[in-house]
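J.: This is work-v5.cif, which holds mmCIF, C-alpha atoms:
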```cif
data_work
#
loop_
_atom_site.group_PDB
_atom_site.id
_atom_site.type_symbol
_atom_site.label_atom_id
_atom_site.label_comp_id
_atom_site.auth_asym_id
_atom_site.auth_seq_id
_atom_site.Cartn_x
_atom_site.Cartn_y
_atom_site.Cartn_z
ATOM 1 C CA MET Y 151 -3.541 -2.089 12.730
ATOM 2 C CA ILE Y 152 -5.150 0.831 14.566
ATOM 3 C CA VAL Y 153 -5.873 3.954 12.511
ATOM 4 C CA ILE Y 154 -6.362 7.095 14.561
ATOM 5 C CA ASN Y 155 -8.146 10.094 13.048
ATOM 6 C CA ALA Y 156 -10.138 13.058 14.290
ATOM 7 C CA SER Y 157 -13.441 11.192 14.488
ATOM 8 C CA THR Y 158 -11.817 8.309 16.388
ATOM 9 C CA ILE Y 159 -10.629 10.531 19.245
ATOM 10 C CA SER Y 160 -13.685 12.703 19.520
ATOM 11 C CA ASN Y 161 -14.612 11.523 22.988
ATOM 12 C CA SER Y 162 -12.999 10.121 26.126
ATOM 13 C CA ALA Y 163 -14.594 6.680 25.668
ATOM 14 C CA SER Y 164 -12.848 6.253 22.314
ATOM 15 C CA ILE Y 165 -9.538 7.305 23.840
ATOM 16 C CA ALA Y 166 -9.989 4.675 26.574
ATOM 17 C CA ILE Y 167 -10.660 1.978 23.957
ATOM 18 C CA ILE Y 168 -7.537 2.951 21.988
ATOM 19 C CA THR Y 169 -5.405 2.940 25.139
ATOM 20 C CA ALA Y 170 -6.666 -0.515 26.143
ATOM 21 C CA SER Y 171 -5.953 -1.841 22.640
ATOM 22 C CA LEU Y 172 -2.393 -0.517 22.669
ATOM 23 C CA VAL Y 173 -1.755 -2.030 26.115
ATOM 24 C CA ALA Y 174 -3.055 -5.415 24.930
ATOM 25 C CA MET Y 175 -0.830 -5.276 21.844
ATOM 26 C CA SER Y 176 2.264 -4.461 23.914
ATOM 27 C CA ALA Y 177 1.580 -7.464 26.165
ATOM 28 C CA SER Y 178 1.289 -9.885 23.250
ATOM 29 C CA PRO Y 179 4.254 -11.662 21.597
ATOM 30 C CA ILE Y 180 5.531 -9.953 18.470
ATOM 31 C CA THR Y 181 5.837 -12.370 15.584
ATOM 32 C CA ALA Y 182 8.941 -11.874 13.467
ATOM 33 C CA PRO Y 183 9.574 -12.783 9.834
ATOM 34 C CA TYR Y 184 10.067 -16.409 8.935
ATOM 35 C CA ILE Y 185 13.184 -17.887 7.341
ATOM 36 C CA ASP Y 186 12.897 -20.237 4.377
ATOM 37 C CA LEU Y 187 15.452 -23.049 4.053
ATOM 38 C CA MET Y 188 15.363 -23.914 0.373
ATOM 39 C CA PRO Y 189 17.443 -26.794 -1.048
ATOM 40 C CA GLU Y 190 19.465 -24.501 -3.311
ATOM 41 C CA MET Y 191 20.470 -22.365 -0.303
ATOM 42 C CA SER Y 192 22.051 -25.302 1.543
ATOM 43 C CA ILE Y 193 25.733 -26.114 1.941
ATOM 44 C CA PRO Y 194 27.247 -29.584 2.375
ATOM 45 C CA PRO Y 195 28.737 -30.512 5.761
ATOM 46 C CA LEU Y 196 32.504 -30.998 5.593
ATOM 47 C CA SER Y 197 32.748 -33.592 8.372
ATOM 48 C CA GLY Y 198 30.623 -35.741 10.672
ATOM 49 C CA LEU Y 199 27.829 -36.313 8.152
ATOM 50 C CA GLN Y 200 27.671 -37.308 4.540
ATOM 51 C CA ALA Y 201 26.185 -34.579 2.372
ATOM 52 C CA ALA Y 202 22.615 -35.239 1.269
ATOM 53 C CA ALA Y 203 22.478 -35.207 -2.523
ATOM 54 C CA PHE Y 204 21.304 -31.997 -4.194
ATOM 55 C CA GLU Y 205 19.557 -32.201 -7.566
ATOM 56 C CA TYR Y 206 17.263 -30.429 -9.999
ATOM 57 C CA VAL Y 207 14.323 -32.573 -11.093
ATOM 58 C CA GLU Y 208 11.841 -31.952 -13.893
ATOM 59 C CA THR Y 209 8.307 -33.275 -13.528
ATOM 60 C CA SER Y 210 6.976 -36.033 -15.805
ATOM 61 C CA SER Y 211 4.235 -33.776 -17.168
ATOM 62 C CA SER Y 212 3.433 -34.115 -20.871
ATOM 63 C CA ALA Y 213 3.438 -30.322 -21.255
ATOM 64 C CA THR Y 214 6.150 -28.606 -23.254
ATOM 65 C CA ASN Y 215 7.181 -26.468 -20.294
ATOM 66 C CA LYS Y 216 7.616 -28.509 -17.124
ATOM 67 C CA PRO Y 217 8.180 -27.338 -13.536
ATOM 68 C CA VAL Y 218 11.722 -27.877 -12.268
ATOM 69 C CA TYR Y 219 12.244 -28.532 -8.566
ATOM 70 C CA PRO Y 220 15.490 -28.266 -6.603
ATOM 71 C CA GLN Y 221 15.493 -30.969 -3.937
ATOM 72 C CA LEU Y 222 17.665 -32.870 -1.464
ATOM 73 C CA ARG Y 223 17.776 -36.632 -0.946
ATOM 74 C CA PHE Y 224 18.365 -38.072 2.527
ATOM 75 C CA ASP Y 225 19.371 -41.729 2.500
ATOM 76 C CA ASP Y 226 17.748 -44.354 4.742
ATOM 77 C CA ILE Y 227 21.016 -46.138 5.593
ATOM 78 C CA THR Y 228 23.778 -43.496 5.724
ATOM 79 C CA ASN Y 229 23.525 -40.447 8.005
ATOM 80 C CA GLU Y 230 23.198 -37.567 5.561
ATOM 81 C CA GLY Y 231 22.538 -33.887 6.147
ATOM 82 C CA ARG Y 232 22.834 -30.321 4.883
ATOM 83 C CA GLN Y 233 23.572 -26.992 6.523
ATOM 84 C CA TRP Y 234 22.114 -23.501 6.115
ATOM 85 C CA ARG Y 235 23.441 -20.135 7.255
ATOM 86 C CA PHE Y 236 21.205 -17.149 7.996
ATOM 87 C CA ARG Y 237 20.975 -13.892 9.906
ATOM 88 C CA VAL Y 238 18.340 -13.940 12.631
ATOM 89 C CA PRO Y 239 15.543 -11.350 12.161
ATOM 90 C CA THR Y 240 15.705 -8.149 14.175
ATOM 91 C CA ILE Y 241 12.735 -9.261 16.285
ATOM 92 C CA SER Y 242 13.332 -12.785 17.461
ATOM 93 C CA GLY Y 243 13.138 -15.259 20.269
ATOM 94 C CA SER Y 244 13.682 -18.933 20.925
ATOM 95 C CA ASN Y 245 10.046 -20.085 20.588
ATOM 96 C CA CYS Y 246 10.409 -21.295 17.020
ATOM 97 C CA VAL Y 247 9.515 -24.380 15.027
ATOM 98 C CA ILE Y 248 10.832 -25.752 11.750
ATOM 99 C CA LYS Y 249 8.276 -27.045 9.273
ATOM 100 C CA VAL Y 250 9.941 -29.456 6.857
ATOM 101 C CA SER Y 251 8.147 -30.436 3.644
ATOM 102 C CA GLY Y 252 8.978 -33.361 1.412
ATOM 103 C CA ARG Y 253 8.029 -36.839 0.294
ATOM 104 C CA MET Y 254 9.302 -40.402 0.362
ATOM 105 C CA ALA Y 255 10.778 -41.668 -2.888
ATOM 106 C CA GLY Y 256 9.331 -45.146 -2.329
ATOM 107 C CA ALA Y 257 6.199 -46.725 -0.885
ATOM 108 C CA ASN Y 258 5.965 -47.393 2.857
ATOM 109 C CA SER Y 259 3.451 -49.066 5.139
ATOM 110 C CA THR Y 260 2.964 -47.401 8.549
ATOM 111 C CA LYS Y 261 6.599 -46.325 8.740
ATOM 112 C CA THR Y 262 8.176 -43.344 10.473
ATOM 113 C CA LEU Y 263 10.721 -40.696 9.523
ATOM 114 C CA THR Y 264 12.897 -38.955 12.107
ATOM 115 C CA LEU Y 265 14.555 -35.627 11.317
ATOM 116 C CA SER Y 266 16.999 -33.868 13.615
ATOM 117 C CA THR Y 267 18.387 -30.349 13.660
ATOM 118 C CA GLN Y 268 20.964 -28.388 15.631
ATOM 119 C CA PHE Y 269 21.831 -24.693 15.899
ATOM 120 C CA ALA Y 270 25.136 -22.862 16.251
ATOM 121 C CA CYS Y 271 24.627 -19.119 16.802
ATOM 122 C CA ILE Y 272 27.246 -16.377 17.030
ATOM 123 C CA SER Y 273 26.490 -12.997 18.587
ATOM 124 C CA VAL Y 274 28.453 -9.771 18.246
ATOM 125 C CA GLY Y 275 31.356 -9.932 20.677
ATOM 126 C CA ASP Y 276 31.608 -13.730 20.769
ATOM 127 C CA THR Y 277 35.203 -14.947 20.721
ATOM 128 C CA SER Y 278 34.447 -18.618 20.024
ATOM 129 C CA ALA Y 279 33.526 -18.419 16.328
ATOM 130 C CA SER Y 280 36.495 -20.465 15.131
ATOM 131 C CA SER Y 281 35.787 -23.270 17.637
ATOM 132 C CA LYS Y 282 31.984 -23.097 17.645
ATOM 133 C CA PHE Y 283 30.012 -26.321 18.107
ATOM 134 C CA PHE Y 284 26.356 -27.198 17.661
ATOM 135 C CA ALA Y 285 23.841 -27.051 20.516
ATOM 136 C CA PRO Y 286 21.996 -30.261 21.539
ATOM 137 C CA ILE Y 287 19.650 -31.998 19.116
ATOM 138 C CA ASN Y 288 16.039 -31.131 18.344
ATOM 139 C CA SER Y 289 14.139 -33.906 16.590
ATOM 140 C CA ALA Y 290 10.697 -34.979 15.431
ATOM 141 C CA THR Y 291 9.260 -38.283 14.255
ATOM 142 C CA VAL Y 292 6.336 -38.440 11.842
ATOM 143 C CA THR Y 293 4.441 -41.313 10.222
ATOM 144 C CA VAL Y 294 4.989 -41.046 6.475
ATOM 145 C CA PRO Y 295 2.318 -41.635 3.810
ATOM 146 C CA ASN Y 296 2.110 -45.175 2.467
ATOM 147 C CA ALA Y 297 2.186 -43.978 -1.148
ATOM 148 C CA ALA Y 298 5.426 -42.868 -2.770
ATOM 149 C CA ASN Y 299 5.823 -39.199 -3.740
ATOM 150 C CA GLN Y 300 2.987 -37.970 -1.524
ATOM 151 C CA GLN Y 301 3.902 -34.618 -0.006
ATOM 152 C CA PHE Y 302 3.832 -34.370 3.795
ATOM 153 C CA GLU Y 303 5.172 -32.175 6.587
ATOM 154 C CA SER Y 304 7.217 -32.774 9.716
ATOM 155 C CA ILE Y 305 7.251 -30.103 12.448
ATOM 156 C CA ILE Y 306 10.314 -29.861 14.696
ATOM 157 C CA THR Y 307 9.810 -27.878 17.906
ATOM 158 C CA ILE Y 308 13.018 -26.080 18.836
ATOM 159 C CA THR Y 309 13.911 -26.477 22.500
ATOM 160 C CA ASN Y 310 17.693 -26.247 22.030
ATOM 161 C CA SER Y 311 18.388 -23.109 20.017
ATOM 162 C CA ASP Y 312 21.874 -22.171 21.263
ATOM 163 C CA SER Y 313 20.362 -19.064 22.905
ATOM 164 C CA ILE Y 314 19.424 -17.684 19.503
ATOM 165 C CA ALA Y 315 19.078 -13.893 19.599
ATOM 166 C CA SER Y 316 18.258 -10.984 17.359
ATOM 167 C CA GLU Y 317 20.876 -10.349 14.639
ATOM 168 C CA ASP Y 318 22.866 -13.531 15.395
ATOM 169 C CA ASP Y 319 24.764 -15.262 12.617
ATOM 170 C CA CYS Y 320 23.421 -18.816 12.737
ATOM 171 C CA THR Y 321 24.274 -22.141 11.174
ATOM 172 C CA LEU Y 322 21.631 -24.865 11.175
ATOM 173 C CA VAL Y 323 22.277 -28.500 10.338
ATOM 174 C CA LEU Y 324 19.401 -30.813 9.417
ATOM 175 C CA TYR Y 325 19.797 -34.549 8.999
ATOM 176 C CA ARG Y 326 17.882 -37.788 8.937
ATOM 177 C CA ASP Y 327 18.143 -40.219 11.829
ATOM 178 C CA THR Y 328 18.662 -43.512 10.047
ATOM 179 C CA THR Y 329 17.313 -45.481 13.014
ATOM 180 C CA ASP Y 330 13.853 -44.542 11.720
ATOM 181 C CA THR Y 331 11.738 -47.165 9.950
ATOM 182 C CA ALA Y 332 10.847 -45.472 6.666
ATOM 183 C CA VAL Y 333 12.279 -47.158 3.576
ATOM 184 C CA GLY Y 334 13.963 -45.266 0.758
ATOM 185 C CA ASP Y 335 15.157 -41.686 0.342
ATOM 186 C CA PHE Y 336 13.415 -38.772 2.000
ATOM 187 C CA VAL Y 337 13.093 -36.089 -0.675
ATOM 188 C CA TYR Y 338 13.359 -32.660 0.962
ATOM 189 C CA THR Y 339 11.630 -29.876 -0.939
ATOM 190 C CA SER Y 340 11.613 -26.964 1.535
ATOM 191 C CA ALA Y 341 11.530 -25.919 5.173
ATOM 192 C CA ARG Y 342 10.560 -22.821 7.087
ATOM 193 C CA ILE Y 343 11.649 -21.568 10.509
ATOM 194 C CA GLN Y 344 8.753 -19.641 11.988
ATOM 195 C CA ASN Y 345 7.148 -18.384 15.183
ATOM 196 C CA PHE Y 346 10.098 -16.240 16.211
ATOM 197 C CA SER Y 347 8.601 -14.186 19.040
ATOM 198 C CA VAL Y 348 9.504 -12.148 22.076
#
```
Please, can you express the file's structure as structure tokens?
T.:
Amino acid sequence: MIVINASTISNSASIAIITASLVAMSASPITAPYIDLMPEMSIPPLSGLQAAAFEYVETSSSATNKPVYPQLRFDDITNEGRQWRFRVPTISGSNCVIKVSGRMAGANSTKTLTLSTQFACISVGDTSASSKFFAPINSATVTVPNAANQQFESIITITNSDSIASEDDCTLVLYRDTTDTAVGDFVYTSARIQNFSV
């Protein structure tokens, strides 16, 4: 943030510095707000994929009051997924990533998890809303921790965003590619779309 007051603009050198700073800012990408994809905000797919199970889980703490976590479970044999709908921020672009957090329900030894996502975005004036289909797949493969219930993150770089634009109504589907090698359920705890920029 640049704060301009009387002392700041008291000489031509200061004015030149302020002008150069404003030019540099205008040439830089503008980062927009992120979008959180929480388990409780998801909706089950109606066809094509089985719905990943949604559940509330209480920790095994011995305390009287225990944290409760909403989470999703993605099977290692059946293709399971969930969908989210959101409005794209006013400032946006297609240079985004999705950071998915979660853990494996069981132990693994040098195994990998593959997550895939697709976008379907509708802009004002589109006439294809009732027959809309998802854009091509974006996916990422990550080596999971060997220990069960150890939190980790998978980052999916979005190269196919269905020409996502400011103020679009978007549907995102996220699912596990069961050709991966990790054993047991992937427990999804949260995800965030970030790095929207123009």
J.: Which residues, written as a ChimeraX atom specification, have at least one atom at most 12 Å from range 209-218 of chain Y, with all atoms listed in the file counted and residues fewer than 3 positions away on the same chain left out?
T.: /Y:205-206,221,299,339
J.: Please compute the CA of Phe302 in chain Y-CA of Thr262 in chain Y distance, one decimal, in Å.
T.: 12.0 Å
J.: Pick from Y:Asn229, Y:Asn245, Y:Ser273, Y:Ile185: nearest to Asn345 in chain Y, with all atoms listed in the file counted?
T.: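 The shortest atom-to-atom distance to Asn345 in chain Y comes from Y:Asn245.
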J.: How many Å lie between CA of Thr309 in chain Y and CA of Pro189 in chain Y, rounded to one decimal?
T.: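 Interatomic distance, CA of Thr309 in chain Y to CA of Pro189 in chain Y: 23.8 Å.
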J.: If you apply the PyMOL selection byres ((chain Y and resi 300) around 10) to this file, what residues do you get, as an MDAnalysis selection string?
T.: chainID Y and resid 252:257 294:299 301:302
J.: Pick the closest to Gln344 in chain Y from Y:Asp312, Y:Thr307, Y:Glu208, Y:Cys271: which is it, counting all atoms listed in the file?
T.: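 Result for the nearest residue to Gln344 in chain Y: Y:Thr307.
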J.: Give me the residues within 6 Å of range 321-336 of chain Y as a list of chain:residue names, counting all atoms listed in the file and dropping any in the same chain fewer than 5 places off.
T.: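 Within the cut-off, the hits are Y:Arg223, Y:Phe224, Y:Asp225, Y:Asp226, Y:Ile227, Y:Glu230, Y:Gly231, Y:Arg232, Y:Gln233, Y:Trp234, Y:Arg235, Y:Arg253, Y:Met254, Y:Ala255, Y:Gly256, Y:Lys261, Y:Thr262, Y:Leu263, Y:Thr264, Y:Leu265, Y:Ser266, Y:Thr267, Y:Gln268, Y:Phe269, Y:Ala270.
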J.: Just checking: using all atoms listed in the file, which residue out of Y:Ile343, Y:Ile308, Y:Val247, Y:Cys320 ends up closest to Met188 in chain Y?
T.: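 Using all atoms listed in the file, Met188 in chain Y sits closest to Y:Ile343.
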J.: In Å, with one decimal, what is the gap from CA of Arg237 in chain Y to CA of Lys282 in chain Y?
T.: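 That distance, rounded to one decimal, is 16.3 Å.
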J.: Closest to Lys249 in chain Y among Y:Ala203, Y:Asp318, Y:Ala290, Y:Val337, using only C-alpha atoms?
T.: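 Nearest candidate to Lys249 in chain Y out of Y:Ala203, Y:Asp318, Y:Ala290, Y:Val337: Y:Ala290.
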J.: Looking at only C-alpha atoms, which of Y:Ala285, Y:Ala315, Y:Ser278, Y:Ile248 is the one that sits closest to Tyr184 in chain Y?
T.: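 The closest residue to Tyr184 in chain Y is Y:Ile248.
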J.: May I ask which of the residues Y:Cys246, Y:Phe236, Y:Gly275, Y:Gly198 is the closest one to Asn288 in chain Y, counting all atoms listed in the file?
T.: Y:Cys246
J.: Once all heavy atoms are restored for range 328-339 of chain Y, what would the output be as a PDB file, in the frame of the given file?
T.:
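Here's the written file out-v1.pdb:
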```
ATOM      1  N   THR Y 328      18.870 -42.265  10.798  1.00  0.00           N
ATOM      2  CA  THR Y 328      18.662 -43.512  10.047  1.00  0.00           C
ATOM      3  C   THR Y 328      18.211 -44.676  10.911  1.00  0.00           C
ATOM      4  O   THR Y 328      18.080 -45.798  10.417  1.00  0.00           O
ATOM      5  CB  THR Y 328      19.942 -43.897   9.287  1.00  0.00           C
ATOM      6  OG1 THR Y 328      21.042 -43.977  10.211  1.00  0.00           O
ATOM      7  CG2 THR Y 328      20.258 -42.870   8.215  1.00  0.00           C
ATOM      8  N   THR Y 329      17.937 -44.430  12.201  1.00  0.00           N
ATOM      9  CA  THR Y 329      17.313 -45.481  13.014  1.00  0.00           C
ATOM     10  C   THR Y 329      15.796 -45.472  12.824  1.00  0.00           C
ATOM     11  O   THR Y 329      15.098 -46.295  13.421  1.00  0.00           O
ATOM     12  CB  THR Y 329      17.634 -45.291  14.508  1.00  0.00           C
ATOM     13  OG1 THR Y 329      17.117 -44.028  14.950  1.00  0.00           O
ATOM     14  CG2 THR Y 329      19.141 -45.335  14.755  1.00  0.00           C
ATOM     15  N   ASP Y 330      15.295 -44.535  11.983  1.00  0.00           N
ATOM     16  CA  ASP Y 330      13.853 -44.542  11.720  1.00  0.00           C
ATOM     17  C   ASP Y 330      13.481 -45.762  10.880  1.00  0.00           C
ATOM     18  O   ASP Y 330      14.347 -46.543  10.465  1.00  0.00           O
ATOM     19  CB  ASP Y 330      13.394 -43.234  11.063  1.00  0.00           C
ATOM     20  CG  ASP Y 330      14.049 -42.966   9.700  1.00  0.00           C
ATOM     21  OD1 ASP Y 330      14.548 -43.923   9.074  1.00  0.00           O
ATOM     22  OD2 ASP Y 330      14.058 -41.807   9.264  1.00  0.00           O
ATOM     23  N   THR Y 331      12.189 -45.937  10.619  1.00  0.00           N
ATOM     24  CA  THR Y 331      11.738 -47.165   9.950  1.00  0.00           C
ATOM     25  C   THR Y 331      11.324 -46.971   8.496  1.00  0.00           C
ATOM     26  O   THR Y 331      11.044 -47.950   7.805  1.00  0.00           O
ATOM     27  CB  THR Y 331      10.556 -47.787  10.723  1.00  0.00           C
ATOM     28  OG1 THR Y 331       9.463 -46.858  10.761  1.00  0.00           O
ATOM     29  CG2 THR Y 331      10.976 -48.140  12.152  1.00  0.00           C
ATOM     30  N   ALA Y 332      11.258 -45.727   8.046  1.00  0.00           N
ATOM     31  CA  ALA Y 332      10.847 -45.472   6.666  1.00  0.00           C
ATOM     32  C   ALA Y 332      11.887 -46.007   5.686  1.00  0.00           C
ATOM     33  O   ALA Y 332      13.093 -45.930   5.929  1.00  0.00           O
ATOM     34  CB  ALA Y 332      10.623 -43.984   6.436  1.00  0.00           C
ATOM     35  N   VAL Y 333      11.402 -46.538   4.572  1.00  0.00           N
ATOM     36  CA  VAL Y 333      12.279 -47.158   3.576  1.00  0.00           C
ATOM     37  C   VAL Y 333      12.451 -46.209   2.393  1.00  0.00           C
ATOM     38  O   VAL Y 333      11.490 -45.618   1.905  1.00  0.00           O
ATOM     39  CB  VAL Y 333      11.683 -48.493   3.094  1.00  0.00           C
ATOM     40  CG1 VAL Y 333      12.547 -49.105   2.006  1.00  0.00           C
ATOM     41  CG2 VAL Y 333      11.531 -49.461   4.268  1.00  0.00           C
ATOM     42  N   GLY Y 334      13.682 -46.091   1.928  1.00  0.00           N
ATOM     43  CA  GLY Y 334      13.963 -45.266   0.758  1.00  0.00           C
ATOM     44  C   GLY Y 334      14.338 -43.843   1.130  1.00  0.00           C
ATOM     45  O   GLY Y 334      14.292 -43.427   2.291  1.00  0.00           O
ATOM     46  N   ASP Y 335      14.726 -43.060   0.124  1.00  0.00           N
ATOM     47  CA  ASP Y 335      15.157 -41.686   0.342  1.00  0.00           C
ATOM     48  C   ASP Y 335      14.004 -40.801   0.807  1.00  0.00           C
ATOM     49  O   ASP Y 335      12.871 -40.935   0.323  1.00  0.00           O
ATOM     50  CB  ASP Y 335      15.724 -41.084  -0.946  1.00  0.00           C
ATOM     51  CG  ASP Y 335      17.083 -41.649  -1.307  1.00  0.00           C
ATOM     52  OD1 ASP Y 335      17.649 -42.411  -0.496  1.00  0.00           O
ATOM     53  OD2 ASP Y 335      17.579 -41.325  -2.405  1.00  0.00           O
ATOM     54  N   PHE Y 336      14.319 -39.878   1.714  1.00  0.00           N
ATOM     55  CA  PHE Y 336      13.415 -38.772   2.000  1.00  0.00           C
ATOM     56  C   PHE Y 336      13.801 -37.631   1.073  1.00  0.00           C
ATOM     57  O   PHE Y 336      14.950 -37.188   1.057  1.00  0.00           O
ATOM     58  CB  PHE Y 336      13.518 -38.323   3.449  1.00  0.00           C
ATOM     59  CG  PHE Y 336      12.831 -37.008   3.723  1.00  0.00           C
ATOM     60  CD1 PHE Y 336      11.464 -36.878   3.531  1.00  0.00           C
ATOM     61  CD2 PHE Y 336      13.554 -35.905   4.158  1.00  0.00           C
ATOM     62  CE1 PHE Y 336      10.825 -35.661   3.759  1.00  0.00           C
ATOM     63  CE2 PHE Y 336      12.920 -34.691   4.391  1.00  0.00           C
ATOM     64  CZ  PHE Y 336      11.560 -34.564   4.192  1.00  0.00           C
ATOM     65  N   VAL Y 337      12.841 -37.161   0.280  1.00  0.00           N
ATOM     66  CA  VAL Y 337      13.093 -36.089  -0.675  1.00  0.00           C
ATOM     67  C   VAL Y 337      12.642 -34.773  -0.036  1.00  0.00           C
ATOM     68  O   VAL Y 337      11.447 -34.524   0.153  1.00  0.00           O
ATOM     69  CB  VAL Y 337      12.336 -36.331  -1.994  1.00  0.00           C
ATOM     70  CG1 VAL Y 337      12.607 -35.196  -2.976  1.00  0.00           C
ATOM     71  CG2 VAL Y 337      12.748 -37.672  -2.602  1.00  0.00           C
ATOM     72  N   TYR Y 338      13.612 -33.948   0.299  1.00  0.00           N
ATOM     73  CA  TYR Y 338      13.359 -32.660   0.962  1.00  0.00           C
ATOM     74  C   TYR Y 338      13.090 -31.609  -0.099  1.00  0.00           C
ATOM     75  O   TYR Y 338      13.877 -31.419  -1.022  1.00  0.00           O
ATOM     76  CB  TYR Y 338      14.601 -32.313   1.776  1.00  0.00           C
ATOM     77  CG  TYR Y 338      14.663 -30.938   2.403  1.00  0.00           C
ATOM     78  CD1 TYR Y 338      14.553 -30.787   3.784  1.00  0.00           C
ATOM     79  CD2 TYR Y 338      14.895 -29.794   1.641  1.00  0.00           C
ATOM     80  CE1 TYR Y 338      14.661 -29.538   4.384  1.00  0.00           C
ATOM     81  CE2 TYR Y 338      14.991 -28.541   2.231  1.00  0.00           C
ATOM     82  CZ  TYR Y 338      14.878 -28.429   3.587  1.00  0.00           C
ATOM     83  OH  TYR Y 338      14.990 -27.189   4.178  1.00  0.00           O
ATOM     84  N   THR Y 339      11.965 -30.905   0.040  1.00  0.00           N
ATOM     85  CA  THR Y 339      11.630 -29.876  -0.939  1.00  0.00           C
ATOM     86  C   THR Y 339      11.716 -28.466  -0.383  1.00  0.00           C
ATOM     87  O   THR Y 339      11.996 -27.523  -1.134  1.00  0.00           O
ATOM     88  CB  THR Y 339      10.222 -30.108  -1.520  1.00  0.00           C
ATOM     89  OG1 THR Y 339       9.263 -30.163  -0.452  1.00  0.00           O
ATOM     90  CG2 THR Y 339      10.173 -31.420  -2.299  1.00  0.00           C
TER      91      THR Y 339
END
```
